[in-house]
Amino acid sequence: MKRRLFKTTALLLGFGMVASSMNVYADDIDPFGKFEDPVTITVAQRIYGDAIPTGDDALWTQKYKEYGINLEVEWSADASQFNNKMNTAIASGETPDLFQVGNAEQMTTLVKADMVADLTDAFEEYASPLVKERFSTPAGQAALNAATFDGRLRFIPINITESLCNMDLCYIRQDWVENLGMEMPETIEDLKKLAIAFTEQDPDGNGENDTYGIAIQGKDGLDALRGWFTGYGISPARWYDGMIFYSKDEDGNVVWDGEKPEMKQALADLQELYKAGAIAQDFATYDGTMMFEDLNGSKAGITIGARGYPAWGFNKTYVNDSNAKWYAMKMPHAEGKETMLAGFQPMNAAMAVSSECEHPEAVIRMLNLVTEITTPGTDLFDVNYFEENRAVCGDAFMVQAYDPEDERKTTQAICEAVAAKNPEGLSDDNKSIYDSVLAFEESGNADNWADWNRYYPEEGHAYYVIYEMNKDTAITDNLWQALPTESMLPKLAVWKKTTDESAIRIISGEDVNTWDDTVDSWNSLGGEEFRQTVADSLQ
């Protein structure tokens, strides 16, 4: 299957031209119009936690019926089993009208087999102004582009966020830094010194040799080290769709970032820390649970990872030790430069409409309704349909155009309100976070620590660092802004195994120059083909 990339502005113009030339739909379509003759849309239901009402018991089902759309659950599965069941349905060629896909393999298989509808005309003609507005943002445009195969829209992207949301932060125990009379790091070398000091100088002052520097989860290989590599200006790990990062070298050639010379320096520095005991000696066996146990138990004083770590990662540190202080900052750069932010493929989950669906426009109207009803300030907004009420309202089947900029806007609103000590204008949800932040500031209640650590408008607080201190952050986008092609998919598994095992061996003491052999091996197994595909897509 030939895969082409198009700029979304041209793509959207193309939608209009195609619809106009084919005269498929009337000019006076109401995005929220009701079907006079009711249509039926069969769905696959992904169940999260408690059972979600279906049929006439679900508010969403009732709402769709008001617009002449009858939902019929063809099958359902728990979230942990949904993907396997969907793979079986795809393999059998028997899918419902509407279903969620969560990886590149499913998407490319569906397109190759012509099992998903061409949504180009339906989207252009039926999508509401609010839906189109959200897909016209930079992140929304990139997602539509990734959902487009050979110039035709084949999926509805969901869960779209700005690249800024994917920034990994460096988290450091500030109280340990203060105990040792040291400073926050400005370079990788500073960070290494701090990690070794946390290992050797009893930063918690308990007189025991029971701490170390940096906690990492070796079981995830390169993926777990994504944030570390940003300090060297590279991004050799993969993204959630399995695709890897391509940029240009000093000579302007397209290369996988793991081929750049900075890669070996990054691995050499990790090896130095490992030899010094500043990384757990059994780190290769560590998963996320083990890593967070060390962080929450005040065994390790540094980690690098997602913006949400204070909420669900090391959130119990303060409960266990009220003297603990976690400081969030951008990963220091090896040369003291501004740390790069890598912009990966913008879509890793989507809704698919079967090519056998008789009314794909009904799905677009569902998209319009869900987006409008769950957006405060719109004519159709209804608080009863918010996601936290799913146990009552049922499942909207994830057909929703979220605002890709929502998290940044939310953070800025909360931070500004906290700084002014004035919650006026905040939504109820944001007001509850505002109250929580101030509650911790006033009483130090452990239940409010995670909100305070993320949203307090000051250096060292995770979301504030990302969304307020980096408004002008330069983002280097992956040169391949699309899903992996059909030929790439099986080779990505080979790449992961090869590179992960090599990186772990090098960190554990193997000669760093063996990385060159790993790169050569990868290129012979498919890397050169990948590189050429990416280079050709830029022509």
# chains A, B, ... in the order shown; residues from 1 in each chain; ligands from 1

$ residues_around --residues "A:Val73" --least-positions-apart "6" --cutoff "6 Å" --atoms "only C-alpha atoms" --output "list of chain:residue names"
A:Thr42, A:Val43, A:Ala44

$ write_last_selection --atoms "C-alpha atoms" --output "compact mmCIF listing (two decimals), in the first residue's frame"
# COMPACT_ATOMS: atom_id res chain seq x y z
CA THR A 42 -23.58 -1.04 15.62
CA VAL A 43 -20.67 -0.57 18.01
CA ALA A 44 -17.99 -2.44 19.92

$ select_by_dssp --residues "stretch 48-224 of chain A" --states "strand (DSSP E or B)" --output "PyMOL selection string"
chain A and resi 69-78+98-101+116+148-149+152-153+156-157+169-173+187+212-214

$ atom_distance --atom1 "atom CA of A:Ala417" --atom2 "atom CA of A:Thr137"
25.5 Å

$ closest_residue --among "A:Asn296, A:Thr371, A:Ser80, A:Thr499" --to "A:Ala237" --atoms "only C-alpha atoms"
A:Thr499

$ residues_around --residues "stretch 372-378 of chain A" --least-positions-apart "4" --cutoff "9 Å" --atoms "only C-alpha atoms" --output "ChimeraX atom specification"
/A:128,130-131,367-368,382-387,400,402,427

$ select_by_dssp --residues "stretch 300-503 of chain A" --states "alpha helix (DSSP H)" --output "MDAnalysis selection string"
chainID A and resid 309:312 317:320 360:373 390:393 406:420 428:443 449:455 462:467 489:503

$ residues_around --residues "A:Tyr171" --least-positions-apart "4" --cutoff "7 Å" --atoms "only C-alpha atoms" --output "JSON, numbers by chain"
{"A": [302, 303, 304, 326, 327, 328, 329]}

$ write_last_selection --atoms "N, CA and C atoms" --output "PDB file, in the first residue's frame"
ATOM      1  N   ILE A 302      16.358  10.950  42.153  1.00  0.00           N
ATOM      2  CA  ILE A 302      16.197  11.569  40.833  1.00  0.00           C
ATOM      3  C   ILE A 302      15.443  10.595  39.937  1.00  0.00           C
ATOM      4  N   THR A 303      14.563  11.107  39.126  1.00  0.00           N
ATOM      5  CA  THR A 303      13.962  10.301  38.060  1.00  0.00           C
ATOM      6  C   THR A 303      13.591  11.233  36.924  1.00  0.00           C
ATOM      7  N   ILE A 304      13.381  10.656  35.750  1.00  0.00           N
ATOM      8  CA  ILE A 304      13.053  11.453  34.563  1.00  0.00           C
ATOM      9  C   ILE A 304      11.833  10.818  33.915  1.00  0.00           C
ATOM     10  N   TRP A 326       9.897  17.379  46.083  1.00  0.00           N
ATOM     11  CA  TRP A 326      10.273  17.044  44.715  1.00  0.00           C
ATOM     12  C   TRP A 326      10.304  18.310  43.876  1.00  0.00           C
ATOM     13  N   TYR A 327      11.378  18.489  43.148  1.00  0.00           N
ATOM     14  CA  TYR A 327      11.569  19.675  42.296  1.00  0.00           C
ATOM     15  C   TYR A 327      11.535  19.227  40.841  1.00  0.00           C
ATOM     16  N   ALA A 328      10.640  19.818  40.051  1.00  0.00           N
ATOM     17  CA  ALA A 328      10.532  19.481  38.631  1.00  0.00           C
ATOM     18  C   ALA A 328      11.252  20.526  37.785  1.00  0.00           C
ATOM     19  N   MET A 329      11.996  20.048  36.799  1.00  0.00           N
ATOM     20  CA  MET A 329      12.700  20.953  35.895  1.00  0.00           C
ATOM     21  C   MET A 329      12.881  20.278  34.537  1.00  0.00           C
TER      22      MET A 329
END

$ atom_distance --atom1 "atom CA of A:Asn206" --atom2 "atom CA of A:Asn315"
22.0 Å

$ residues_around --residues "stretch 31-37 of chain A" --least-positions-apart "6" --cutoff "9 Å" --atoms "only C-alpha atoms" --output "list in words"
Glu66, Tyr67, Gly68, Ile69, Glu125, Tyr126, Ala127, Ser128, Pro129, Ala362, Ile364, Arg365, Met366, Asn368 and Leu369 of chain A

$ write_last_selection --atoms "N, CA, C and O atoms" --output "mmCIF file, in the first residue's frame"
data_model
loop_
_atom_site.group_PDB
_atom_site.id
_atom_site.type_symbol
_atom_site.label_atom_id
_atom_site.label_comp_id
_atom_site.auth_asym_id
_atom_site.auth_seq_id
_atom_site.Cartn_x
_atom_site.Cartn_y
_atom_site.Cartn_z
ATOM 1 N N GLU A 66 -32.708 10.766 20.193
ATOM 2 C CA GLU A 66 -33.381 12.037 19.926
ATOM 3 C C GLU A 66 -33.047 12.556 18.538
ATOM 4 O O GLU A 66 -33.821 13.303 17.934
ATOM 5 N N TYR A 67 -31.880 12.157 18.040
ATOM 6 C CA TYR A 67 -31.426 12.633 16.729
ATOM 7 C C TYR A 67 -31.581 11.560 15.652
ATOM 8 O O TYR A 67 -31.007 11.671 14.576
ATOM 9 N N GLY A 68 -32.335 10.514 15.969
ATOM 10 C CA GLY A 68 -32.610 9.493 14.968
ATOM 11 C C GLY A 68 -31.496 8.490 14.775
ATOM 12 O O GLY A 68 -31.394 7.873 13.712
ATOM 13 N N ILE A 69 -30.629 8.333 15.784
ATOM 14 C CA ILE A 69 -29.528 7.371 15.695
ATOM 15 C C ILE A 69 -29.709 6.324 16.781
ATOM 16 O O ILE A 69 -29.700 6.634 17.971
ATOM 17 N N GLU A 125 -18.668 17.616 4.962
ATOM 18 C CA GLU A 125 -20.038 18.089 4.864
ATOM 19 C C GLU A 125 -20.754 18.157 6.211
ATOM 20 O O GLU A 125 -21.586 19.047 6.435
ATOM 21 N N TYR A 126 -20.442 17.248 7.102
ATOM 22 C CA TYR A 126 -21.239 17.112 8.327
ATOM 23 C C TYR A 126 -20.553 17.626 9.596
ATOM 24 O O TYR A 126 -21.225 17.910 10.586
ATOM 25 N N ALA A 127 -19.228 17.682 9.640
ATOM 26 C CA ALA A 127 -18.546 18.091 10.872
ATOM 27 C C ALA A 127 -18.961 19.498 11.282
ATOM 28 O O ALA A 127 -19.045 20.401 10.444
ATOM 29 N N SER A 128 -19.220 19.676 12.568
ATOM 30 C CA SER A 128 -19.683 20.966 13.079
ATOM 31 C C SER A 128 -18.546 21.979 13.103
ATOM 32 O O SER A 128 -17.362 21.615 13.046
ATOM 33 N N PRO A 129 -18.863 23.273 13.202
ATOM 34 C CA PRO A 129 -17.809 24.294 13.293
ATOM 35 C C PRO A 129 -16.845 24.047 14.447
ATOM 36 O O PRO A 129 -15.631 24.252 14.297
ATOM 37 N N ALA A 362 -23.739 9.511 10.060
ATOM 38 C CA ALA A 362 -24.326 9.434 11.398
ATOM 39 C C ALA A 362 -23.237 9.465 12.459
ATOM 40 O O ALA A 362 -23.419 10.040 13.540
ATOM 41 N N ILE A 364 -20.371 11.016 12.162
ATOM 42 C CA ILE A 364 -19.907 12.406 12.243
ATOM 43 C C ILE A 364 -20.874 13.230 13.080
ATOM 44 O O ILE A 364 -20.468 14.089 13.867
ATOM 45 N N ARG A 365 -22.162 12.958 12.943
ATOM 46 C CA ARG A 365 -23.124 13.678 13.780
ATOM 47 C C ARG A 365 -22.972 13.277 15.246
ATOM 48 O O ARG A 365 -23.168 14.099 16.150
ATOM 49 N N MET A 366 -22.648 12.022 15.507
ATOM 50 C CA MET A 366 -22.350 11.620 16.884
ATOM 51 C C MET A 366 -21.146 12.396 17.402
ATOM 52 O O MET A 366 -21.138 12.870 18.547
ATOM 53 N N ASN A 368 -20.170 15.339 16.471
ATOM 54 C CA ASN A 368 -20.615 16.708 16.729
ATOM 55 C C ASN A 368 -21.331 16.811 18.072
ATOM 56 O O ASN A 368 -21.073 17.725 18.870
ATOM 57 N N LEU A 369 -22.243 15.883 18.309
ATOM 58 C CA LEU A 369 -23.053 15.927 19.524
ATOM 59 C C LEU A 369 -22.204 15.773 20.779
ATOM 60 O O LEU A 369 -22.342 16.544 21.734
#

$ residues_around --residues "A:Pro310" --least-positions-apart "5" --cutoff "9 Å" --atoms "only C-alpha atoms" --output "list in words"
Asn315, Lys316, Trp326, Trp449, Ala450, Asp451, Asn453, Arg454 and Ala462 of chain A

$ residues_around --residues "A:Ser247" --least-positions-apart "5" --cutoff "9 Å" --atoms "only C-alpha atoms" --output "number ranges by chain"
A: 234, 252-257, 476-480

$ write_last_selection --atoms "N, CA, C and O atoms" --output "PDB file, in the first residue's frame"
ATOM      1  N   ILE A 234      18.863  14.456  21.383  1.00  0.00           N
ATOM      2  CA  ILE A 234      18.456  13.357  20.523  1.00  0.00           C
ATOM      3  C   ILE A 234      17.211  12.670  21.096  1.00  0.00           C
ATOM      4  O   ILE A 234      16.888  12.845  22.270  1.00  0.00           O
ATOM      5  N   GLY A 252      22.792  17.328   6.792  1.00  0.00           N
ATOM      6  CA  GLY A 252      21.481  17.433   6.189  1.00  0.00           C
ATOM      7  C   GLY A 252      20.879  16.115   5.746  1.00  0.00           C
ATOM      8  O   GLY A 252      19.860  16.100   5.049  1.00  0.00           O
ATOM      9  N   ASN A 253      21.480  15.003   6.157  1.00  0.00           N
ATOM     10  CA  ASN A 253      20.966  13.693   5.788  1.00  0.00           C
ATOM     11  C   ASN A 253      19.941  13.208   6.810  1.00  0.00           C
ATOM     12  O   ASN A 253      20.099  13.435   8.011  1.00  0.00           O
ATOM     13  N   VAL A 254      18.930  12.511   6.346  1.00  0.00           N
ATOM     14  CA  VAL A 254      17.934  11.926   7.233  1.00  0.00           C
ATOM     15  C   VAL A 254      18.548  10.739   7.968  1.00  0.00           C
ATOM     16  O   VAL A 254      19.124   9.845   7.349  1.00  0.00           O
ATOM     17  N   VAL A 255      18.436  10.756   9.307  1.00  0.00           N
ATOM     18  CA  VAL A 255      18.972   9.650  10.103  1.00  0.00           C
ATOM     19  C   VAL A 255      18.032   9.353  11.269  1.00  0.00           C
ATOM     20  O   VAL A 255      17.289  10.220  11.730  1.00  0.00           O
ATOM     21  N   TRP A 256      18.043   8.104  11.709  1.00  0.00           N
ATOM     22  CA  TRP A 256      17.428   7.761  12.988  1.00  0.00           C
ATOM     23  C   TRP A 256      18.300   8.376  14.066  1.00  0.00           C
ATOM     24  O   TRP A 256      19.532   8.329  14.008  1.00  0.00           O
ATOM     25  N   ASP A 257      17.689   8.965  15.082  1.00  0.00           N
ATOM     26  CA  ASP A 257      18.455   9.702  16.088  1.00  0.00           C
ATOM     27  C   ASP A 257      19.469   8.832  16.818  1.00  0.00           C
ATOM     28  O   ASP A 257      20.469   9.344  17.337  1.00  0.00           O
ATOM     29  N   THR A 476      11.191  20.061  17.933  1.00  0.00           N
ATOM     30  CA  THR A 476      11.712  19.410  16.742  1.00  0.00           C
ATOM     31  C   THR A 476      10.789  18.248  16.398  1.00  0.00           C
ATOM     32  O   THR A 476      10.713  17.266  17.130  1.00  0.00           O
ATOM     33  N   ASP A 477      10.078  18.370  15.296  1.00  0.00           N
ATOM     34  CA  ASP A 477       9.130  17.325  14.920  1.00  0.00           C
ATOM     35  C   ASP A 477       9.838  16.158  14.251  1.00  0.00           C
ATOM     36  O   ASP A 477      10.816  16.334  13.519  1.00  0.00           O
ATOM     37  N   ASN A 478       9.325  14.974  14.523  1.00  0.00           N
ATOM     38  CA  ASN A 478       9.776  13.791  13.813  1.00  0.00           C
ATOM     39  C   ASN A 478       9.576  14.037  12.321  1.00  0.00           C
ATOM     40  O   ASN A 478       8.512  14.498  11.897  1.00  0.00           O
ATOM     41  N   LEU A 479      10.575  13.725  11.519  1.00  0.00           N
ATOM     42  CA  LEU A 479      10.431  13.905  10.080  1.00  0.00           C
ATOM     43  C   LEU A 479       9.366  12.973   9.502  1.00  0.00           C
ATOM     44  O   LEU A 479       8.832  13.229   8.428  1.00  0.00           O
ATOM     45  N   TRP A 480       9.066  11.886  10.222  1.00  0.00           N
ATOM     46  CA  TRP A 480       8.008  10.969   9.792  1.00  0.00           C
ATOM     47  C   TRP A 480       6.787  11.242  10.653  1.00  0.00           C
ATOM     48  O   TRP A 480       6.643  10.740  11.747  1.00  0.00           O
TER      49      TRP A 480
END
